[in-house]
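Notes follow the structure.
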Amino acid sequence: MLKDAILYIIRLLVGGLFIFSGLIKVNDPVGTAIKLEEYFDVFSYDIAGFFTVFKPWALEIGVVMVVAEVVLGIMLILGHKLKFTVWALGLMILFFTFLTFYSAYFNKVTDCGCFGDAIKLTTWESFYKDIVLLVMIGILFVFRNQLKSNTQTWAAWSVRISLVLSLALAITAIRNLPFIDFRAYKEGVNIPTNMQPSAPLEYSYIMTKNGEEYIFDQYPTEGDYEFVDMKLKNEDALPKISDFAVWNDEGDFTEEILNGKKAVILVTNLSKINTDYLEEFDQIIAGLTASDIEVVFVAASSQQEISSFLNARNWNLIGYQADATVVKTIMRSNPGLMLLNEGTVLKKYHFRNTPSPETIKSFYK
């Protein structure tokens, strides 16, 4: 009786965590794909070159993974096909544990993306979390032959419905933008504010003297102390945005883009830009020409590529370069549109939902 109760509690904990983790990533499959691309790049360099084969399929692989997390979590809680579910979860957690250990030990991918952008864990925290899950799933695996599956029709249909709904949500998020934006550039955020610490940064100073170690809250100005290290005490106060910058051959224009009214066309990769909806951007540029809203173009590409693209489209815009990771963090669409007012993000649009010039102007009234 006690054993059955413990096994059921473990099923609830493991299943609930997988559902929670999966739903967060179903909300943003493109973010999961970006993280997988990072792993494939690292593995192709450190382990074997064939990992580059998977990179073009990162989005499809990511969708399968996140939907599987949700569905397997539901199957575990409902008790549907428990032997298969435990086997599948066991293989999945072994894979996740390898990823998080590799990230933590070799300091390669510093954010595993276990909970998307909603909850940030350090690499070692992610690894320890996976170890706990591995132990719990290991217990279920040991007793897998004693677990009684739920063979009722409603359980099977619940699993099927969860599969369809999860897949539908993932596809919708891909074809639009995430339903909930957990990133530092979400709508309503003031980018310049997020580039500053939320509170004065506090440090502790580790010093030695005569072979003994001392820790000070202020750097000692007296005494014959030897500096060893300094540690940040309030990491939560660090700027949420630390790498936002735009530039071109004439210099850095980060401050300029964060002043005034800006409609920013963002491109993560010019060679992969979706060209089917560029006519809508033509209309935006033409419709805002006589307004006080400046349209600017930002791409993670070379200045030559940017200039060539702008000339080919006959877009009389200022073109800026930006870091690819930053652009991908801001916008899950290629191209996409971000409306800024004095550095505050008013609205973001996927290229499939490109607004009219009149709609854009309405945000600045």
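Just so we're on the same page: first chain in the structure tokens is A, next is B, and so on; residues restart at 1 for each chain, and ligands are numbered from 1 in the order they show up.
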Item to complete: Going by DSSP on the backbone, which bits of region 179-267 of chain A are alpha helix (DSSP H)? Write them as a count of residues only, please.
Response: 8
Item to complete: Might you pull out every residue within 12 Å of region 143-156 of chain A, with only C-alpha atoms counted and same-chain residues fewer than 5 positions away left off, and present them as a PyMOL selection string?
Response: chain A and resi 3-8+10-11+71+74-87+90+136-138+161-163
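Each of A:Asp243, A:Glu250, A:Glu256, A:Asp46 was checked against Gln303 (chain A) using only C-alpha atoms; the smallest atom-to-atom distance is that of A:Glu250.
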Practice prompt. Using only C-alpha atoms, determine which residues lie at most 9 Å from Pro197 (chain A), disregarding the query and same-chain residues fewer than 2 positions distant; provide the list as a list in words.
Written response: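 With the cut-off at 9 Å, the set is Thr193, Asn194, Met195, Ala199, Pro200, Leu201, Asp236, Ala237, Leu238, Pro239 and Lys240 of chain A.
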Discussion item. Between CA of Cys114 (chain A) and CA of Met338 (chain A), what is the distance in Å, rounded to a tenth?
Written reply: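 Result for CA of Cys114 (chain A) versus CA of Met338 (chain A): 26.8 Å, one decimal.
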